[in-house]
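All remarks here apply to the structure that follows.
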Number of protein chains: 2
Amino acid sequence: MTMEEGTLNSPSRCELTEEEYEAFQWDTREDCEVRQILDRVADKWSLLVIALLDLNTLRFTELKYKIDGISQRMLTTTLRHLERDGLVSRTVYPVVPPRVDYALTPLGMTLHKTIQSLVTWTEDHRSEIAVARDQYDKRVNA
Amino acid sequence: MTMEEGTLNSPSRCELTEEEYEAFQWDTREDCEVRQILDRVADKWSLLVIALLDLNTLRFTELKYKIDGISQRMLTTTLRHLERDGLVSRTVYPVVPPRVDYALTPLGMTLHKTIQSLVTWTEDHRSEIAVARDQYDKRVNA
DNA sequence: CAGTATCCAGGACGATACTG
DNA sequence: CAGTATCGTCCTGGATACTG
């Protein structure tokens, strides 16, 4: 297993020999590129915006309406970030009143499967998590 | 397609007829269970802790050492949250000096594939993202 | 409609000191 | 070693008001 450069992309433990395992080290440096991108993608609002835009192109107000609890400011910020990263495209129509459409770029679309997997996991295990929380709280308050 | 209750788990657009698509609506309510869990799992530090523990059991200090930039306080907080959600187990050995091992629970282990998919995506596309950022910055500064 | 600008509160977070 | 406790800061993010 070559490891020219540190990486967050790790094999599962069982795929490694004892030696390989010992040698393996993640790159968790705060300034590393992967962590910066992860922070962006794994962001609370980004996740929701991407998932919604994967369903279809939406206007600013439509997004704001569909995402409960997001403020105008945070929606703007989130969209700018995603646009900067090339995940979302912004199309302005020169009409009055203004119309701006947001859509996923091809790059953004490649995230669908990944995000879906995260959401699916959450839905599949939410009851287990609820149980775990109850037990934990009981243990602590006892 | 039945939709007894709103859900974040959405099909891809192409899988829907026009009608189904119109009827489809996510549950993005702020207080919905799925969003709460997502916020936990998609958290910056949680992601790193889970991925590291997936490689092997670690002690408190080992985790702190391996995760660049995390403070003692945040590590403790993150671990407590993950423990509460039943993703991480905490084992205390009654020795001096104390020894506490953290490991993924079976539930936590089921997250491996998902998180891995996220990290892999990030690594696969980081150059594209870097290019997009450069272009965006140039456009804005022009 | 689709933002930008400004202000401000609250929580996240780091630093530090202390303990079983 | 593995925390807890406390304090102070910074920054996220909400509320509000204004504009092309």
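Letters A, B, ... mark the chains of the structure tokens in the order given; residue numbers begin at 1 per chain; ligand numbers begin at 1, in order shown.
Any residue of chain B with an atom within 8 Å of chain D counts; using only C-alpha atoms (C1' of nucleotides), that gives Phe60, Thr61, Pro97, Pro98, Arg99 and Val100 of chain B.
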Using only N, CA and C atoms, please write the residues we just selected to a file, as a short mmCIF file (atom, residue, chain, number, x, y, z; two decimals), in the first residue's frame.
data_model
loop_
_atom_site.label_atom_id
_atom_site.label_comp_id
_atom_site.auth_asym_id
_atom_site.auth_seq_id
_atom_site.Cartn_x
_atom_site.Cartn_y
_atom_site.Cartn_z
N PHE B 60 -8.13 8.45 24.78
CA PHE B 60 -8.42 9.88 24.68
C PHE B 60 -7.24 10.66 24.08
N THR B 61 -6.10 10.48 24.67
CA THR B 61 -4.92 11.24 24.24
C THR B 61 -4.52 10.90 22.81
N PRO B 97 -2.23 5.05 36.11
CA PRO B 97 -3.15 6.12 35.70
C PRO B 97 -4.32 5.57 34.91
N PRO B 98 -5.39 6.31 34.86
CA PRO B 98 -6.61 5.84 34.20
C PRO B 98 -6.37 5.50 32.73
N ARG B 99 -7.16 4.57 32.25
CA ARG B 99 -7.13 4.25 30.83
C ARG B 99 -8.57 4.16 30.35
N VAL B 100 -8.87 4.93 29.32
CA VAL B 100 -10.20 4.93 28.75
C VAL B 100 -10.10 4.67 27.25
#
Could I get the residues of chain A with an atom no further than 7 Å from an atom of chain B, each paired with its nearest atom pair and that distance in Å to one decimal, using only C-alpha atoms, sorted by chain and residue number, as CSV?
residue,atom,partner,partner_atom,distance
A:Leu8,CA,B:Val119,CA,6.7
A:Asn9,CA,B:Val119,CA,5.9
A:Ser12,CA,B:Leu55,CA,6.2
A:Arg13,CA,B:Leu55,CA,4.9
A:Thr28,CA,B:Ile67,CA,5.6
A:Arg29,CA,B:Asp68,CA,5.2
A:Glu30,CA,B:Asp68,CA,5.9
A:Val34,CA,B:Thr122,CA,6.3
A:Ile37,CA,B:Thr122,CA,6.6
A:Leu38,CA,B:Thr122,CA,6.8
A:Asp39,CA,B:Lys44,CA,6.0
A:Ala42,CA,B:Ala42,CA,5.1
A:Asp43,CA,B:Ala42,CA,6.8
A:Lys44,CA,B:Asp39,CA,6.0
A:Asp54,CA,B:Arg13,CA,6.9
A:Leu55,CA,B:Arg13,CA,4.8
A:Asn56,CA,B:Arg13,CA,6.9
A:Ile67,CA,B:Thr28,CA,5.6
A:Asp68,CA,B:Arg29,CA,5.1
A:Gly69,CA,B:Glu30,CA,6.1
A:Arg84,CA,B:Arg133,CA,5.2
A:Asp85,CA,B:Ile129,CA,5.2
A:Gly86,CA,B:Ala132,CA,5.1
A:Thr114,CA,B:Leu118,CA,5.9
A:Gln116,CA,B:Asn9,CA,6.8
A:Ser117,CA,B:Thr114,CA,5.9
A:Leu118,CA,B:Thr114,CA,5.8
A:Val119,CA,B:Asn9,CA,6.0
A:Thr120,CA,B:Asn9,CA,6.0
A:Thr122,CA,B:Val34,CA,6.2
A:Glu123,CA,B:Val34,CA,6.4
A:Ile129,CA,B:Asp85,CA,5.2
A:Ala132,CA,B:Gly86,CA,5.1
A:Arg133,CA,B:Arg84,CA,5.2
A:Tyr136,CA,B:Arg84,CA,5.5
Selection file, N, CA and C atoms, as a CSV table (one decimal), in the first residue's frame:
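What ended up in result_20.csv:
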chain,number,residue,atom,x,y,z
A,8,LEU,N,-7.1,11.2,4.0
A,8,LEU,CA,-8.2,10.9,4.8
A,8,LEU,C,-8.9,9.6,4.3
A,9,ASN,N,-8.6,9.2,3.1
A,9,ASN,CA,-9.3,8.1,2.5
A,9,ASN,C,-8.7,6.8,3.0
A,12,SER,N,-10.7,0.0,5.4
A,12,SER,CA,-11.3,-0.5,6.6
A,12,SER,C,-10.2,-1.3,7.3
A,13,ARG,N,-10.3,-1.4,8.6
A,13,ARG,CA,-9.2,-2.0,9.4
A,13,ARG,C,-8.9,-3.4,8.9
A,28,THR,N,-5.0,14.7,9.1
A,28,THR,CA,-6.1,15.5,9.7
A,28,THR,C,-5.6,16.9,9.9
A,29,ARG,N,-4.6,17.3,9.2
A,29,ARG,CA,-4.2,18.7,9.4
A,29,ARG,C,-5.3,19.7,9.1
A,30,GLU,N,-5.4,20.6,10.0
A,30,GLU,CA,-6.5,21.6,9.9
A,30,GLU,C,-6.5,22.3,8.6
A,34,VAL,N,-8.5,18.5,1.9
A,34,VAL,CA,-9.7,17.6,2.1
A,34,VAL,C,-10.6,18.0,3.3
A,37,ILE,N,-12.7,21.0,2.3
A,37,ILE,CA,-13.8,20.7,1.4
A,37,ILE,C,-14.9,19.9,2.2
A,38,LEU,N,-14.5,19.0,3.1
A,38,LEU,CA,-15.4,18.3,3.9
A,38,LEU,C,-16.2,19.3,4.7
A,39,ASP,N,-15.5,20.3,5.3
A,39,ASP,CA,-16.3,21.2,6.1
A,39,ASP,C,-17.3,21.9,5.3
A,42,ALA,N,-20.0,19.0,4.3
A,42,ALA,CA,-20.8,18.4,5.4
A,42,ALA,C,-21.5,19.5,6.2
A,43,ASP,N,-21.5,20.7,5.7
A,43,ASP,CA,-22.2,21.8,6.3
A,43,ASP,C,-23.7,21.6,6.4
A,44,LYS,N,-24.3,21.9,7.5
A,44,LYS,CA,-25.7,21.8,7.7
A,44,LYS,C,-26.6,22.3,6.6
A,54,ASP,N,-30.8,18.9,-6.3
A,54,ASP,CA,-30.7,17.7,-7.0
A,54,ASP,C,-32.1,17.3,-7.6
A,55,LEU,N,-33.1,17.7,-6.9
A,55,LEU,CA,-34.5,17.4,-7.4
A,55,LEU,C,-34.9,18.3,-8.5
A,56,ASN,N,-34.6,19.5,-8.4
A,56,ASN,CA,-34.7,20.4,-9.6
A,56,ASN,C,-34.2,21.8,-9.3
A,67,ILE,N,-36.6,25.4,2.8
A,67,ILE,CA,-35.7,25.0,3.9
A,67,ILE,C,-36.1,25.8,5.1
A,68,ASP,N,-36.8,25.0,6.0
A,68,ASP,CA,-37.3,25.6,7.2
A,68,ASP,C,-36.2,26.1,8.1
A,69,GLY,N,-36.3,27.4,8.5
A,69,GLY,CA,-35.4,27.9,9.5
A,69,GLY,C,-34.2,28.6,9.0
A,84,ARG,N,-19.0,29.1,-5.6
A,84,ARG,CA,-17.5,29.2,-5.6
A,84,ARG,C,-16.8,27.9,-5.8
A,85,ASP,N,-17.3,26.9,-5.2
A,85,ASP,CA,-16.8,25.5,-5.3
A,85,ASP,C,-17.2,24.8,-6.5
A,86,GLY,N,-18.0,25.5,-7.4
A,86,GLY,CA,-18.4,24.8,-8.6
A,86,GLY,C,-19.4,23.8,-8.5
A,114,THR,N,-23.6,10.2,-2.8
A,114,THR,CA,-23.0,10.3,-1.5
A,114,THR,C,-23.9,10.8,-0.4
A,116,GLN,N,-27.1,11.1,-0.5
A,116,GLN,CA,-28.2,10.2,-0.4
A,116,GLN,C,-27.9,9.1,0.6
A,117,SER,N,-26.7,8.6,0.5
A,117,SER,CA,-26.2,7.5,1.4
A,117,SER,C,-26.2,8.0,2.8
A,118,LEU,N,-25.9,9.2,3.0
A,118,LEU,CA,-25.8,9.8,4.4
A,118,LEU,C,-27.3,9.9,4.9
A,119,VAL,N,-28.1,10.4,4.1
A,119,VAL,CA,-29.5,10.6,4.6
A,119,VAL,C,-30.2,9.3,4.8
A,120,THR,N,-30.0,8.3,3.9
A,120,THR,CA,-30.6,7.0,4.0
A,120,THR,C,-30.1,6.4,5.3
A,122,THR,N,-29.2,7.8,8.0
A,122,THR,CA,-29.8,8.5,9.1
A,122,THR,C,-31.3,8.0,9.3
A,123,GLU,N,-32.0,7.8,8.2
A,123,GLU,CA,-33.4,7.4,8.3
A,123,GLU,C,-33.4,5.9,8.8
A,129,ILE,N,-30.9,5.2,17.3
A,129,ILE,CA,-30.3,6.3,17.9
A,129,ILE,C,-31.2,6.9,19.0
A,132,ALA,N,-30.8,4.7,22.0
A,132,ALA,CA,-29.5,4.9,22.6
A,132,ALA,C,-29.5,6.2,23.5
A,133,ARG,N,-30.1,7.2,22.9
A,133,ARG,CA,-30.2,8.5,23.7
A,133,ARG,C,-31.0,8.4,25.0
A,136,TYR,N,-28.9,6.5,27.5
A,136,TYR,CA,-27.8,7.3,27.9
A,136,TYR,C,-28.3,8.4,29.0
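Separating CA of Val95 in chain B from CA of Arg59 in chain B is a distance of 13.8 Å.
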Among range 32-93 of chain B, which residues carry a DSSP assignment of strand (DSSP E or B), reported as a list in words?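 The strand (DSSP E or B) subset of range 32-93 of chain B is Leu58, Arg59, Val88, Ser89, Arg90, Thr91, Val92 and Tyr93 of chain B.
The residues of chain C lying at most 9 Å from chain A, with only C-alpha atoms (C1' of nucleotides) taken into account, are C:DC1, C:DA2, C:DG3.
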Just the selected residues (all heavy atoms), exported as a short mmCIF file (atom, residue, chain, number, x, y, z; two decimals), in the first residue's frame, please.
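Full text of again_17.cif as output:
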data_model
loop_
_atom_site.label_atom_id
_atom_site.label_comp_id
_atom_site.auth_asym_id
_atom_site.auth_seq_id
_atom_site.Cartn_x
_atom_site.Cartn_y
_atom_site.Cartn_z
P DC C 1 -41.89 37.86 -4.45
OP1 DC C 1 -42.11 36.42 -4.54
OP2 DC C 1 -41.61 38.46 -3.16
"O5'" DC C 1 -40.68 38.21 -5.42
"C5'" DC C 1 -40.68 37.62 -6.71
"C4'" DC C 1 -39.29 37.77 -7.24
"O4'" DC C 1 -38.90 39.16 -7.15
"C3'" DC C 1 -38.24 36.98 -6.45
"O3'" DC C 1 -37.37 36.37 -7.40
"C2'" DC C 1 -37.51 38.03 -5.61
"C1'" DC C 1 -37.68 39.29 -6.45
N1 DC C 1 -37.80 40.53 -5.62
C2 DC C 1 -36.89 41.57 -5.81
O2 DC C 1 -35.99 41.46 -6.65
N3 DC C 1 -37.02 42.70 -5.09
C4 DC C 1 -38.00 42.82 -4.20
N4 DC C 1 -38.09 43.96 -3.51
C5 DC C 1 -38.95 41.77 -3.99
C6 DC C 1 -38.80 40.66 -4.71
P DA C 2 -36.37 35.23 -6.95
OP1 DA C 2 -36.03 34.45 -8.14
OP2 DA C 2 -36.90 34.56 -5.75
"O5'" DA C 2 -35.08 36.07 -6.54
"C5'" DA C 2 -34.37 36.76 -7.55
"C4'" DA C 2 -33.29 37.59 -6.92
"O4'" DA C 2 -33.89 38.69 -6.18
"C3'" DA C 2 -32.41 36.84 -5.91
"O3'" DA C 2 -31.05 37.15 -6.14
"C2'" DA C 2 -32.89 37.38 -4.57
"C1'" DA C 2 -33.22 38.81 -4.95
N9 DA C 2 -34.07 39.52 -4.01
C8 DA C 2 -35.10 39.03 -3.26
N7 DA C 2 -35.68 39.93 -2.49
C5 DA C 2 -34.97 41.09 -2.75
C6 DA C 2 -35.08 42.41 -2.25
N6 DA C 2 -35.98 42.79 -1.35
N1 DA C 2 -34.21 43.34 -2.73
C2 DA C 2 -33.31 42.96 -3.64
N3 DA C 2 -33.11 41.75 -4.18
C4 DA C 2 -33.98 40.86 -3.70
P DG C 3 -29.96 36.15 -5.53
OP1 DG C 3 -28.62 36.58 -6.03
OP2 DG C 3 -30.42 34.79 -5.79
"O5'" DG C 3 -30.02 36.38 -3.94
"C5'" DG C 3 -28.96 37.04 -3.32
"C4'" DG C 3 -29.13 38.55 -3.49
"O4'" DG C 3 -30.46 38.92 -3.11
"C3'" DG C 3 -28.23 39.37 -2.60
"O3'" DG C 3 -26.99 39.55 -3.21
"C2'" DG C 3 -28.99 40.66 -2.42
"C1'" DG C 3 -30.44 40.29 -2.78
N9 DG C 3 -31.38 40.50 -1.69
C8 DG C 3 -32.22 39.56 -1.14
N7 DG C 3 -32.99 40.04 -0.20
C5 DG C 3 -32.63 41.38 -0.12
C6 DG C 3 -33.14 42.40 0.72
O6 DG C 3 -34.01 42.33 1.59
N1 DG C 3 -32.51 43.62 0.47
C2 DG C 3 -31.51 43.82 -0.46
N2 DG C 3 -31.02 45.04 -0.55
N3 DG C 3 -31.05 42.87 -1.26
C4 DG C 3 -31.65 41.67 -1.04
#
